[in-house]
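Structure file structure36.txt; described as compact mmCIF, C-alpha atoms and all ligand atoms.
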# COMPACT_ATOMS: atom_id res chain seq x y z
CA MET A 1187 -194.10 132.19 62.18
CA LYS A 1188 -191.82 134.88 63.48
CA TYR A 1189 -192.64 135.45 67.14
CA ALA A 1190 -191.61 138.48 69.18
CA VAL A 1191 -191.79 138.25 72.95
CA ILE A 1192 -192.05 141.79 74.31
CA VAL A 1193 -191.35 142.31 78.01
CA GLY A 1194 -190.16 145.26 80.06
CA THR A 1195 -190.45 144.75 83.81
CA ARG A 1196 -189.00 142.44 86.43
CA PRO A 1197 -192.02 140.10 86.76
CA GLU A 1198 -192.45 139.75 83.01
CA ILE A 1199 -188.83 138.68 82.58
CA ILE A 1200 -189.12 136.17 85.44
CA LYS A 1201 -192.32 134.58 84.17
CA MET A 1202 -191.39 134.60 80.47
CA ALA A 1203 -187.75 133.48 80.82
CA ILE A 1204 -188.31 129.84 79.91
CA ILE A 1205 -190.63 130.68 77.01
CA ILE A 1206 -188.06 133.13 75.60
CA LYS A 1207 -185.34 130.48 75.76
CA GLU A 1208 -187.55 127.80 74.20
CA LEU A 1209 -188.62 130.08 71.35
CA LYS A 1210 -185.00 130.96 70.63
CA LYS A 1211 -184.20 127.24 70.50
CA LEU A 1212 -187.06 126.74 68.06
CA SER A 1213 -185.70 129.41 65.72
CA SER A 1214 -183.08 132.09 66.15
CA SER A 1215 -185.28 134.41 64.09
CA ASN A 1216 -187.78 134.63 66.96
CA LEU A 1217 -187.18 137.90 68.79
CA PHE A 1218 -186.71 138.82 72.44
CA ILE A 1219 -187.62 142.49 72.84
CA HIS A 1220 -187.21 144.61 75.97
CA SER A 1221 -189.15 147.84 76.33
CA GLY A 1222 -186.77 149.28 78.94
CA GLN A 1223 -189.66 150.14 81.32
CA HIS A 1224 -187.42 148.70 84.04
CA TYR A 1225 -183.78 149.65 83.61
CA ASP A 1226 -181.98 149.47 86.99
CA TYR A 1227 -179.56 146.53 87.01
CA HIS A 1228 -181.29 145.04 90.06
CA MET A 1229 -184.74 145.27 88.46
CA ASP A 1230 -183.65 144.04 85.07
CA GLY A 1231 -180.09 143.04 84.09
CA VAL A 1232 -179.70 140.69 87.02
CA MET A 1233 -182.77 138.76 85.83
CA LEU A 1234 -181.17 138.13 82.45
CA LYS A 1235 -178.16 136.70 84.28
CA THR A 1236 -180.26 134.61 86.67
CA PHE A 1237 -182.06 132.84 83.82
CA GLN A 1238 -179.06 132.88 81.46
CA LEU A 1239 -181.08 134.73 78.90
CA PRO A 1240 -179.46 136.18 75.79
CA ASP A 1241 -179.30 139.95 75.51
CA PRO A 1242 -182.55 141.29 74.04
CA ASP A 1243 -182.49 141.61 70.24
CA PHE A 1244 -183.91 145.11 70.67
CA ASN A 1245 -184.31 147.43 73.66
CA PHE A 1246 -186.69 150.40 73.32
CA LYS A 1247 -185.15 152.08 76.39
CA VAL A 1248 -188.40 153.92 77.24
CA GLY A 1249 -187.47 154.38 80.90
CA SER A 1250 -189.89 155.94 83.38
CA GLY A 1251 -192.71 158.39 82.81
CA SER A 1252 -196.48 158.72 83.00
CA HIS A 1253 -198.57 155.70 82.11
CA SER A 1254 -199.62 157.25 78.80
CA PHE A 1255 -196.06 158.25 77.94
CA ILE A 1256 -194.67 154.75 78.53
CA THR A 1257 -197.57 153.03 76.77
CA SER A 1258 -197.51 155.28 73.70
CA GLU A 1259 -193.72 155.13 73.31
CA ILE A 1260 -193.84 151.33 73.43
CA MET A 1261 -196.75 151.30 71.00
CA LYS A 1262 -194.88 153.42 68.43
CA LYS A 1263 -191.64 151.47 68.78
CA THR A 1264 -193.39 148.11 68.55
CA GLU A 1265 -195.21 149.19 65.40
CA ASN A 1266 -191.93 150.18 63.73
CA LEU A 1267 -190.31 146.90 64.67
CA ILE A 1268 -193.19 144.70 63.55
CA LEU A 1269 -193.02 146.31 60.12
CA LYS A 1270 -189.22 146.38 59.87
CA GLU A 1271 -188.64 142.83 61.13
CA GLY A 1272 -191.65 141.13 59.58
CA ILE A 1273 -192.93 139.91 62.94
CA THR A 1274 -196.01 137.70 62.52
CA ALA A 1275 -197.13 137.26 66.16
CA VAL A 1276 -196.54 139.19 69.36
CA ILE A 1277 -196.34 137.47 72.76
CA VAL A 1278 -196.98 139.56 75.88
CA HIS A 1279 -197.33 138.76 79.54
CA GLY A 1280 -199.55 139.95 82.36
CA ASP A 1281 -200.66 143.50 82.91
CA THR A 1282 -197.94 146.10 82.66
CA ASN A 1283 -197.77 149.21 80.50
CA THR A 1284 -195.32 147.28 78.30
CA THR A 1285 -197.96 144.57 77.82
CA LEU A 1286 -200.56 147.15 76.82
CA GLY A 1287 -198.31 149.20 74.49
CA ALA A 1288 -197.06 146.16 72.56
CA CYS A 1289 -200.56 144.71 72.36
CA LEU A 1290 -202.12 147.88 70.95
CA ALA A 1291 -199.46 148.16 68.24
CA ALA A 1292 -199.96 144.54 67.18
CA ALA A 1293 -203.76 144.92 67.22
CA LYS A 1294 -203.62 147.96 64.92
CA LEU A 1295 -201.51 145.97 62.45
CA ASN A 1296 -203.76 142.92 62.70
CA ILE A 1297 -200.98 140.72 64.03
CA PRO A 1298 -202.09 137.88 66.34
CA ILE A 1299 -201.51 138.66 70.01
CA ILE A 1300 -200.69 135.89 72.44
CA HIS A 1301 -201.38 136.78 76.08
CA VAL A 1302 -199.66 134.77 78.79
CA GLU A 1303 -201.24 135.04 82.27
CA SER A 1304 -204.59 135.95 80.85
CA GLY A 1305 -207.90 136.25 82.70
CA LEU A 1306 -206.76 137.73 86.02
CA ARG A 1307 -209.19 140.28 87.46
CA SER A 1308 -209.15 142.34 90.64
CA TYR A 1309 -212.40 144.08 89.61
CA ASP A 1310 -210.80 147.34 90.70
CA LYS A 1311 -210.32 149.70 87.77
CA SER A 1312 -208.46 152.23 89.89
CA MET A 1313 -205.44 149.92 89.44
CA PRO A 1314 -203.57 150.63 86.19
CA GLU A 1315 -202.86 146.90 85.86
CA GLU A 1316 -206.59 146.03 85.80
CA ILE A 1317 -207.17 148.36 82.85
CA ASN A 1318 -204.23 146.80 81.03
CA ARG A 1319 -205.43 143.23 81.65
CA ILE A 1320 -208.94 143.86 80.37
CA ILE A 1321 -207.84 145.57 77.15
CA VAL A 1322 -205.13 143.04 76.35
CA ASP A 1323 -207.43 140.06 76.93
CA HIS A 1324 -210.06 141.50 74.62
CA LEU A 1325 -207.54 142.07 71.82
CA SER A 1326 -205.73 138.73 72.07
CA THR A 1327 -206.04 135.77 69.72
CA ILE A 1328 -204.63 133.18 72.10
CA LEU A 1329 -205.21 133.57 75.83
CA PHE A 1330 -203.17 131.42 78.19
CA ALA A 1331 -204.97 131.37 81.54
CA PRO A 1332 -203.03 130.13 84.58
CA THR A 1333 -206.07 128.61 86.34
CA LYS A 1334 -209.70 127.63 85.77
CA GLU A 1335 -210.75 130.70 87.78
CA ALA A 1336 -208.95 132.93 85.30
CA GLN A 1337 -210.66 131.06 82.46
CA ASN A 1338 -214.04 131.68 84.15
CA ASN A 1339 -213.33 135.40 84.36
CA LEU A 1340 -212.74 135.42 80.61
CA LYS A 1341 -215.92 133.45 79.99
CA LYS A 1342 -217.94 136.04 81.96
CA GLU A 1343 -216.68 138.64 79.46
CA GLY A 1344 -217.59 136.48 76.48
CA LEU A 1345 -214.01 135.35 75.80
CA VAL A 1346 -214.09 131.64 75.02
CA ASP A 1347 -212.27 131.06 71.71
CA GLY A 1348 -208.52 130.64 71.88
CA VAL A 1349 -208.49 130.24 75.68
CA TYR A 1350 -206.20 127.56 77.15
CA VAL A 1351 -205.64 126.76 80.83
CA VAL A 1352 -201.92 125.98 81.05
CA GLY A 1353 -200.88 126.74 84.63
CA GLN A 1354 -198.64 129.49 85.94
CA THR A 1355 -195.25 129.83 84.20
CA LEU A 1356 -193.85 131.07 87.53
CA VAL A 1357 -193.77 127.40 88.57
CA ASP A 1358 -191.16 126.76 85.84
CA SER A 1359 -189.17 129.83 86.85
CA ILE A 1360 -189.04 128.78 90.51
CA GLN A 1361 -187.99 125.29 89.49
CA GLU A 1362 -185.26 126.70 87.26
CA VAL A 1363 -183.57 128.57 90.14
CA SER A 1364 -184.39 126.62 93.29
CA ASP A 1365 -181.29 124.41 93.16
CA LYS A 1366 -178.93 127.22 92.21
CA ILE A 1367 -178.14 128.22 95.76
CA ASN A 1368 -178.21 126.79 99.27
CA THR A 1369 -180.96 128.21 101.49
CA ASN A 1370 -178.68 128.33 104.54
CA THR A 1371 -176.21 130.52 102.67
CA ILE A 1372 -178.97 133.09 102.14
CA LEU A 1373 -180.19 132.93 105.74
CA THR A 1374 -176.64 133.44 107.00
CA LYS A 1375 -176.09 136.31 104.58
CA TYR A 1376 -179.09 138.20 105.99
CA GLY A 1377 -178.56 137.11 109.61
CA VAL A 1378 -181.95 135.39 109.99
CA LYS A 1379 -183.17 131.97 111.09
CA SER A 1380 -185.81 129.81 109.44
CA LYS A 1381 -189.40 130.88 110.32
CA GLN A 1382 -188.13 133.70 112.54
CA TYR A 1383 -188.53 136.61 110.18
CA PHE A 1384 -191.05 138.34 107.93
CA VAL A 1385 -190.33 139.18 104.29
CA VAL A 1386 -191.92 142.46 103.19
CA THR A 1387 -192.31 144.13 99.79
CA CYS A 1388 -194.41 147.13 98.82
CA HIS A 1389 -194.36 148.91 95.47
CA ARG A 1390 -197.96 149.34 94.23
CA GLN A 1391 -198.91 152.79 93.08
CA GLU A 1392 -202.05 152.77 95.29
CA ASN A 1393 -199.89 152.22 98.41
CA THR A 1394 -196.74 154.15 97.55
CA ASN A 1395 -198.38 157.27 96.10
CA SER A 1396 -200.44 157.83 99.25
CA GLN A 1397 -198.48 159.42 102.09
CA THR A 1398 -201.07 158.18 104.62
CA LYS A 1399 -200.93 154.57 103.42
CA LEU A 1400 -197.16 154.41 103.01
CA SER A 1401 -196.66 156.01 106.40
CA SER A 1402 -199.00 153.50 108.02
CA ILE A 1403 -197.14 150.57 106.43
CA ILE A 1404 -193.73 151.92 107.43
CA ASN A 1405 -194.79 152.67 111.00
CA SER A 1406 -196.17 149.13 111.32
CA LEU A 1407 -192.87 147.68 110.13
CA LYS A 1408 -190.95 149.92 112.52
CA GLU A 1409 -193.07 148.85 115.48
CA LEU A 1410 -192.81 145.18 114.53
CA SER A 1411 -189.05 145.40 114.13
CA GLU A 1412 -188.83 146.81 117.68
CA LYS A 1413 -191.41 144.66 119.48
CA SER A 1414 -191.82 141.37 117.62
CA GLN A 1415 -189.54 138.41 118.20
CA HIS A 1416 -189.38 138.10 114.43
CA LYS A 1417 -187.03 140.15 112.29
CA VAL A 1418 -188.41 142.32 109.51
CA LEU A 1419 -186.73 142.11 106.08
CA PHE A 1420 -187.89 144.83 103.71
CA SER A 1421 -186.88 144.52 100.05
CA LEU A 1422 -186.96 148.04 98.63
CA HIS A 1423 -188.35 148.76 95.14
CA PRO A 1424 -186.84 151.96 93.59
CA ARG A 1425 -190.31 153.55 93.32
CA THR A 1426 -190.89 152.99 97.05
CA LYS A 1427 -187.48 154.41 97.94
CA GLU A 1428 -188.24 157.53 95.91
CA LYS A 1429 -191.63 157.96 97.60
CA LEU A 1430 -190.20 157.38 101.09
CA LYS A 1431 -187.77 160.23 100.44
CA GLU A 1432 -190.51 162.47 99.06
CA PHE A 1433 -192.69 161.89 102.14
CA SER A 1434 -189.75 162.29 104.56
CA LEU A 1435 -190.10 158.68 105.73
CA TYR A 1436 -186.76 157.42 104.48
CA SER A 1437 -184.73 158.43 107.53
CA LEU A 1438 -187.36 156.79 109.73
CA ILE A 1439 -186.66 153.36 108.22
CA LEU A 1440 -182.90 153.94 108.10
CA ASN A 1441 -182.98 154.65 111.83
CA SER A 1442 -185.15 151.65 112.68
CA LYS A 1443 -184.45 147.97 113.27
CA ILE A 1444 -185.99 147.06 109.92
CA ILE A 1445 -183.46 145.15 107.82
CA ILE A 1446 -183.57 147.01 104.52
CA LEU A 1447 -182.62 145.12 101.39
CA ASP A 1448 -181.51 147.85 99.02
CA PRO A 1449 -180.97 147.12 96.19
CA PRO A 1450 -183.95 144.75 96.26
CA VAL A 1451 -183.06 141.06 96.48
CA ASN A 1452 -182.79 139.13 93.25
CA PHE A 1453 -185.25 136.40 92.26
CA ILE A 1454 -183.16 133.49 93.59
CA GLU A 1455 -182.67 135.12 96.98
CA SER A 1456 -186.28 136.21 97.11
CA ILE A 1457 -187.49 132.65 96.54
CA HIS A 1458 -185.25 131.25 99.28
CA LEU A 1459 -186.09 134.04 101.72
CA GLN A 1460 -189.82 133.59 101.13
CA LYS A 1461 -189.57 129.82 101.51
CA GLU A 1462 -188.08 130.12 104.99
CA ALA A 1463 -190.03 133.18 106.19
CA LYS A 1464 -192.75 132.95 108.84
CA VAL A 1465 -194.98 135.20 106.76
CA VAL A 1466 -194.71 137.17 103.51
CA LEU A 1467 -196.25 140.65 103.71
CA THR A 1468 -196.70 142.22 100.29
CA ASP A 1469 -198.77 144.15 97.78
CA SER A 1470 -197.18 142.34 94.83
CA GLY A 1471 -199.18 139.94 92.68
CA GLY A 1472 -196.14 137.77 91.97
CA LEU A 1473 -195.25 137.37 95.64
CA GLN A 1474 -198.80 136.28 96.50
CA GLU A 1475 -198.31 133.43 94.02
CA GLU A 1476 -194.74 132.68 95.05
CA ALA A 1477 -195.58 132.45 98.76
CA CYS A 1478 -198.51 130.16 97.93
CA ILE A 1479 -196.34 127.86 95.79
CA LEU A 1480 -193.56 127.86 98.42
CA LYS A 1481 -196.02 127.07 101.24
CA THR A 1482 -195.44 130.24 103.26
CA PRO A 1483 -198.50 132.15 104.53
CA CYS A 1484 -199.03 135.52 102.85
CA LEU A 1485 -200.72 138.71 104.03
CA THR A 1486 -201.61 141.11 101.24
CA LEU A 1487 -201.56 144.86 101.78
CA ARG A 1488 -204.54 145.50 99.54
CA ASP A 1489 -208.34 145.49 99.55
CA SER A 1490 -208.64 143.28 96.47
CA THR A 1491 -206.61 140.71 94.61
CA GLU A 1492 -206.56 139.33 91.09
CA ARG A 1493 -205.22 136.12 92.62
CA PRO A 1494 -208.29 134.86 94.59
CA GLU A 1495 -207.04 131.27 94.21
CA THR A 1496 -204.46 132.06 96.88
CA ILE A 1497 -207.18 133.21 99.28
CA LYS A 1498 -209.53 130.30 98.59
CA CYS A 1499 -206.88 127.68 99.26
CA GLY A 1500 -206.00 129.37 102.57
CA ALA A 1501 -202.53 130.61 101.63
CA ASN A 1502 -203.28 134.32 101.53
CA ARG A 1503 -205.35 136.89 103.41
CA LEU A 1504 -206.23 140.44 102.38
CA ILE A 1505 -205.52 142.98 105.08
CA ASN A 1506 -205.75 146.71 104.63
CA VAL A 1507 -202.89 149.04 105.44
CA GLU A 1508 -204.10 150.12 108.92
CA LYS A 1509 -201.25 149.82 111.40
CA ASP A 1510 -203.20 147.93 114.06
CA ASN A 1511 -204.49 145.51 111.46
CA ILE A 1512 -201.05 144.76 110.07
CA ILE A 1513 -199.53 144.16 113.49
CA LYS A 1514 -202.43 142.01 114.68
CA ALA A 1515 -202.42 139.93 111.48
CA LEU A 1516 -198.68 139.29 111.58
CA GLU A 1517 -198.78 138.19 115.19
CA ASP A 1518 -201.64 135.77 114.60
CA ASP A 1519 -200.40 132.31 115.60
CA SER A 1520 -202.73 130.48 113.21
CA LEU A 1521 -200.46 131.70 110.41
CA THR A 1522 -198.19 128.70 110.91
CA HIS A 1523 -200.68 126.49 109.03
CA ASN A 1524 -199.44 125.72 105.51
CA ASN A 1525 -201.07 122.52 104.30
CA TRP A 1526 -203.05 124.05 101.45
CA LEU A 1527 -203.23 122.58 97.95
CA ASN A 1528 -201.20 124.64 95.52
CA PRO A 1529 -203.69 125.96 92.93
CA TYR A 1530 -200.85 126.71 90.50
CA HIS A 1531 -199.48 123.20 90.39
CA THR A 1532 -199.01 122.04 86.77
CA GLU A 1533 -196.31 120.24 84.85
CA LYS A 1534 -194.14 122.45 82.64
CA PRO A 1535 -196.59 125.26 81.74
CA SER A 1536 -194.05 127.04 79.50
CA LYS A 1537 -193.57 123.92 77.36
CA LYS A 1538 -197.35 123.50 77.14
CA ILE A 1539 -197.60 127.04 75.79
CA ILE A 1540 -194.96 126.43 73.11
CA ASP A 1541 -196.64 123.15 72.06
CA ILE A 1542 -200.03 124.86 71.75
CA LEU A 1543 -198.52 127.68 69.68
CA ILE A 1544 -196.83 125.25 67.29
CA ASP A 1545 -200.07 123.33 66.89
CA PHE A 1546 -202.27 126.45 66.56
CA PHE A 1547 -200.22 128.11 63.83
CA SER A 1548 -199.29 124.97 61.87
C1 LIG B 1 -194.67 147.87 87.12
C2 LIG B 1 -196.02 147.24 86.75
C3 LIG B 1 -196.50 146.37 87.90
C4 LIG B 1 -195.45 145.37 88.33
C5 LIG B 1 -194.16 146.14 88.64
C6 LIG B 1 -193.02 145.26 89.08
C7 LIG B 1 -197.29 148.79 85.31
C8 LIG B 1 -198.53 149.60 85.20
N1 LIG B 1 -197.05 148.25 86.52
O1 LIG B 1 -194.87 148.71 88.25
O2 LIG B 1 -197.66 145.66 87.49
O3 LIG B 1 -195.89 144.70 89.48
O4 LIG B 1 -193.76 146.84 87.46
O5 LIG B 1 -191.99 146.04 89.61
O6 LIG B 1 -196.59 148.63 84.33
N2 LIG B 1 -188.05 152.68 88.77
C9 LIG B 1 -186.70 152.80 88.81
N3 LIG B 1 -185.94 151.89 88.15
C10 LIG B 1 -186.49 150.85 87.48
C11 LIG B 1 -187.87 150.74 87.44
C12 LIG B 1 -188.65 151.66 88.10
O7 LIG B 1 -186.16 153.71 89.43
O8 LIG B 1 -185.73 150.04 86.89
C13 LIG B 1 -188.89 153.66 89.51
C14 LIG B 1 -189.11 154.94 88.73
O9 LIG B 1 -189.19 155.99 89.59
C15 LIG B 1 -190.49 154.72 88.11
C16 LIG B 1 -191.17 153.93 89.21
O10 LIG B 1 -190.15 153.10 89.78
O11 LIG B 1 -191.13 155.90 87.79
C17 LIG B 1 -192.31 153.08 88.75
O12 LIG B 1 -191.87 152.20 87.72
P1 LIG B 1 -192.93 151.60 86.69
O13 LIG B 1 -192.27 150.64 85.80
O14 LIG B 1 -193.72 152.70 86.07
O15 LIG B 1 -193.97 150.84 87.61
P2 LIG B 1 -193.76 149.75 88.74
O16 LIG B 1 -194.24 150.32 90.02
O17 LIG B 1 -192.41 149.12 88.75

Just dump the structure as structure tokens.
Ligand code: UD1
Amino acid sequence: MKYAVIVGTRPEIIKMAIIIKELKKLSSSNLFIHSGQHYDYHMDGVMLKTFQLPDPDFNFKVGSGSHSFITSEIMKKTENLILKEGITAVIVHGDTNTTLGACLAAAKLNIPIIHVESGLRSYDKSMPEEINRIIVDHLSTILFAPTKEAQNNLKKEGLVDGVYVVGQTLVDSIQEVSDKINTNTILTKYGVKSKQYFVVTCHRQENTNSQTKLSSIINSLKELSEKSQHKVLFSLHPRTKEKLKEFSLYSLILNSKIIILDPPVNFIESIHLQKEAKVVLTDSGGLQEEACILKTPCLTLRDSTERPETIKCGANRLINVEKDNIIKALEDDSLTHNNWLNPYHTEKPSKKIIDILIDFFS
């Protein structure tokens, strides 16, 4: 077999890092391909360094653009590469436009598609990620679901063959970096004390593209930073920064007491900051999982989530983006509880995936 792992965004690199390294160990002919959907050093290059990954064998350098532009560019470039390099299976992760583009190219060439983090559903098709997940799952040969709930979602859509519940590869990635730095060093660097600050991220299209929603989130953070006894740390995604400028909200946060982390913190720092935070406030899928694994309560700035496991176990709560709601939720004292059972707990999910692949294709 000649595998090609195709990734392109920050979360895909984080969650596929160990699999990429293991596949390279198995055979140097296996390929690590980057679509270039994320290209800023702090969204991309730093991740390669964090996980000591080799440089990608190929980088499509697609950059930013409309969803269709990114997807179709990746599709064309993946097709060329599959043919030129004699790739016999394509491995994709999650729900990004990179995942979809690479998957469609492989499907048209009848190459097996392996989907890691399969079966997640928010049941909200207005999210581009939901569309991507559904299509990729239905075209995949092997579907690696992180939990039984994800497996059940697949079953409801008639997807039973080739489905394996292996756990969440994020667990491996957290383990890989957690000893690399001392937590106190990070707290000192950002001038915060354990459990006395909130960590905030916000980058979802449905929040950042709406001036009303983004303004409500930013005004909540501003008010909290002025009135709460907890500090507010806001890690800034480049998309959010761009939108804040467009909606004339950027100077508002610069002139507030919000501690802005720009460029956004790297994975190692993010893990340590989340671990010691009082609450994580986010619209990111990855952070909902990370906070749950790290035993920090999470409040999610969305109406739905494709990670219901985090809600069921009591680690996460969906709140909408209304200012009063956000402030009330963050100041809720019951948020100190953190004795939930981690639904993502499994031993070495990345290794399980490799073992299943070897067995399946032998
Ligand atoms: C993508 C994924 C999302 C994932 C997120 C992680 C899709 C549909 N969505 O969303 O599931 O949670 O990555 O970040 O693929 N930008 C830069 N530099 C970069 C990357 C992005 O400036 O390195 C800016 C550009 O203005 C770009 C915008 O961010 O247009 C959005 O980037 P894009 O990759 O399209 O989507 P994300 O919001 O990052």

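The space separating atom CA of Ser1401 of chain A from atom P2 of ligand LIG 1 (chain B) comes to 19.0 Å.
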
Using only C-alpha atoms and all ligand atoms, find each residue with an atom at most 8 Å away from ligand LIG 1 (chain B) and format the answer as a PDB file with C-alpha atoms, keeping the file's coordinate frame.
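Wrote selection.pdb, looks like this:
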ATOM      1  CA  THR A1195    -190.450 144.750  83.810  1.00  0.00           C
ATOM      2  CA  ARG A1196    -189.000 142.440  86.430  1.00  0.00           C
ATOM      3  CA  PRO A1197    -192.020 140.100  86.760  1.00  0.00           C
ATOM      4  CA  GLN A1223    -189.660 150.140  81.320  1.00  0.00           C
ATOM      5  CA  HIS A1224    -187.420 148.700  84.040  1.00  0.00           C
ATOM      6  CA  TYR A1225    -183.780 149.650  83.610  1.00  0.00           C
ATOM      7  CA  ASP A1226    -181.980 149.470  86.990  1.00  0.00           C
ATOM      8  CA  TYR A1227    -179.560 146.530  87.010  1.00  0.00           C
ATOM      9  CA  HIS A1228    -181.290 145.040  90.060  1.00  0.00           C
ATOM     10  CA  MET A1229    -184.740 145.270  88.460  1.00  0.00           C
ATOM     11  CA  ASP A1230    -183.650 144.040  85.070  1.00  0.00           C
ATOM     12  CA  GLY A1249    -187.470 154.380  80.900  1.00  0.00           C
ATOM     13  CA  SER A1250    -189.890 155.940  83.380  1.00  0.00           C
ATOM     14  CA  GLY A1251    -192.710 158.390  82.810  1.00  0.00           C
ATOM     15  CA  SER A1252    -196.480 158.720  83.000  1.00  0.00           C
ATOM     16  CA  HIS A1253    -198.570 155.700  82.110  1.00  0.00           C
ATOM     17  CA  ILE A1256    -194.670 154.750  78.530  1.00  0.00           C
ATOM     18  CA  GLY A1280    -199.550 139.950  82.360  1.00  0.00           C
ATOM     19  CA  ASP A1281    -200.660 143.500  82.910  1.00  0.00           C
ATOM     20  CA  THR A1282    -197.940 146.100  82.660  1.00  0.00           C
ATOM     21  CA  ASN A1283    -197.770 149.210  80.500  1.00  0.00           C
ATOM     22  CA  THR A1284    -195.320 147.280  78.300  1.00  0.00           C
ATOM     23  CA  THR A1285    -197.960 144.570  77.820  1.00  0.00           C
ATOM     24  CA  PRO A1314    -203.570 150.630  86.190  1.00  0.00           C
ATOM     25  CA  GLU A1315    -202.860 146.900  85.860  1.00  0.00           C
ATOM     26  CA  ASN A1318    -204.230 146.800  81.030  1.00  0.00           C
ATOM     27  CA  HIS A1389    -194.360 148.910  95.470  1.00  0.00           C
ATOM     28  CA  ARG A1390    -197.960 149.340  94.230  1.00  0.00           C
ATOM     29  CA  GLN A1391    -198.910 152.790  93.080  1.00  0.00           C
ATOM     30  CA  HIS A1423    -188.350 148.760  95.140  1.00  0.00           C
ATOM     31  CA  PRO A1424    -186.840 151.960  93.590  1.00  0.00           C
ATOM     32  CA  ARG A1425    -190.310 153.550  93.320  1.00  0.00           C
ATOM     33  CA  THR A1426    -190.890 152.990  97.050  1.00  0.00           C
ATOM     34  CA  GLU A1428    -188.240 157.530  95.910  1.00  0.00           C
ATOM     35  CA  SER A1470    -197.180 142.340  94.830  1.00  0.00           C
ATOM     36  CA  GLY A1471    -199.180 139.940  92.680  1.00  0.00           C
ATOM     37  CA  GLY A1472    -196.140 137.770  91.970  1.00  0.00           C
TER      38      GLY A1472
END

Check which residues of segment 1468-1494 of chain A sit at most 12 Å from segment 1327-1333 of chain A using all atoms listed in the file, and return one row each with the closest pair of atoms and their distance in Å to one decimal, ordered by chain and rising number, as a Markdown table.
| residue | atom | partner | partner_atom | distance |
| --- | --- | --- | --- | --- |
| A:Glu1475 | CA | A:Pro1332 | CA | 11.1 |
| A:Glu1492 | CA | A:Thr1333 | CA | 11.7 |
| A:Arg1493 | CA | A:Thr1333 | CA | 9.8 |
| A:Pro1494 | CA | A:Thr1333 | CA | 10.6 |

File of the preceding selection, C-alpha atoms, as a PDB file, in the coordinates of the input:
ATOM      1  CA  GLU A1475    -198.310 133.430  94.020  1.00  0.00           C
ATOM      2  CA  GLU A1492    -206.560 139.330  91.090  1.00  0.00           C
ATOM      3  CA  ARG A1493    -205.220 136.120  92.620  1.00  0.00           C
ATOM      4  CA  PRO A1494    -208.290 134.860  94.590  1.00  0.00           C
TER       5      PRO A1494
END

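Among the candidates A:Ser1548, A:Asn1506, A:Ser1213, A:Gln1415, the one nearest to Asn1393 of chain A when counting all atoms listed in the file is A:Asn1506.
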
Quiz item: Which is closer to Phe1384 of chain A than all the others in A:Ser1221, A:Ser1215, A:Gln1238, A:Gln1460, using all atoms listed in the file?
Solution: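 Distance minimum relative to Phe1384 of chain A lands on A:Gln1460.
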
Just so I have it separately, write segment 1211-1219 of chain A from the block I sent, keeping N, CA, C and O atoms, as a PDB file, in the first residue's frame.
ATOM      1  N   LYS A1211       7.288   5.930   9.513  1.00  0.00           N
ATOM      2  CA  LYS A1211       8.178   4.880  10.064  1.00  0.00           C
ATOM      3  C   LYS A1211       7.946   3.553   9.347  1.00  0.00           C
ATOM      4  O   LYS A1211       8.871   2.806   9.081  1.00  0.00           O
ATOM      5  N   LEU A1212       6.679   3.304   9.037  1.00  0.00           N
ATOM      6  CA  LEU A1212       6.299   2.050   8.372  1.00  0.00           C
ATOM      7  C   LEU A1212       6.950   1.957   6.995  1.00  0.00           C
ATOM      8  O   LEU A1212       7.486   0.931   6.603  1.00  0.00           O
ATOM      9  N   SER A1213       6.891   3.064   6.250  1.00  0.00           N
ATOM     10  CA  SER A1213       7.545   3.107   4.935  1.00  0.00           C
ATOM     11  C   SER A1213       7.731   4.563   4.516  1.00  0.00           C
ATOM     12  O   SER A1213       6.774   5.350   4.566  1.00  0.00           O
ATOM     13  N   SER A1214       8.944   4.870   4.067  1.00  0.00           N
ATOM     14  CA  SER A1214       9.202   6.261   3.679  1.00  0.00           C
ATOM     15  C   SER A1214       8.452   6.617   2.397  1.00  0.00           C
ATOM     16  O   SER A1214       8.371   7.782   2.011  1.00  0.00           O
ATOM     17  N   SER A1215       7.890   5.604   1.719  1.00  0.00           N
ATOM     18  CA  SER A1215       7.138   5.934   0.493  1.00  0.00           C
ATOM     19  C   SER A1215       5.733   6.460   0.814  1.00  0.00           C
ATOM     20  O   SER A1215       5.066   7.026  -0.056  1.00  0.00           O
ATOM     21  N   ASN A1216       5.270   6.262   2.046  1.00  0.00           N
ATOM     22  CA  ASN A1216       3.983   6.866   2.418  1.00  0.00           C
ATOM     23  C   ASN A1216       4.125   8.387   2.417  1.00  0.00           C
ATOM     24  O   ASN A1216       5.144   8.910   2.871  1.00  0.00           O
ATOM     25  N   LEU A1217       3.087   9.081   1.942  1.00  0.00           N
ATOM     26  CA  LEU A1217       3.240  10.527   1.736  1.00  0.00           C
ATOM     27  C   LEU A1217       2.473  11.364   2.757  1.00  0.00           C
ATOM     28  O   LEU A1217       1.386  11.000   3.190  1.00  0.00           O
ATOM     29  N   PHE A1218       3.082  12.492   3.113  1.00  0.00           N
ATOM     30  CA  PHE A1218       2.461  13.507   3.963  1.00  0.00           C
ATOM     31  C   PHE A1218       2.219  14.715   3.057  1.00  0.00           C
ATOM     32  O   PHE A1218       3.155  15.337   2.569  1.00  0.00           O
ATOM     33  N   ILE A1219       0.943  14.992   2.804  1.00  0.00           N
ATOM     34  CA  ILE A1219       0.599  16.064   1.862  1.00  0.00           C
ATOM     35  C   ILE A1219      -0.163  17.173   2.574  1.00  0.00           C
ATOM     36  O   ILE A1219      -1.077  16.910   3.362  1.00  0.00           O
TER      37      ILE A1219
END
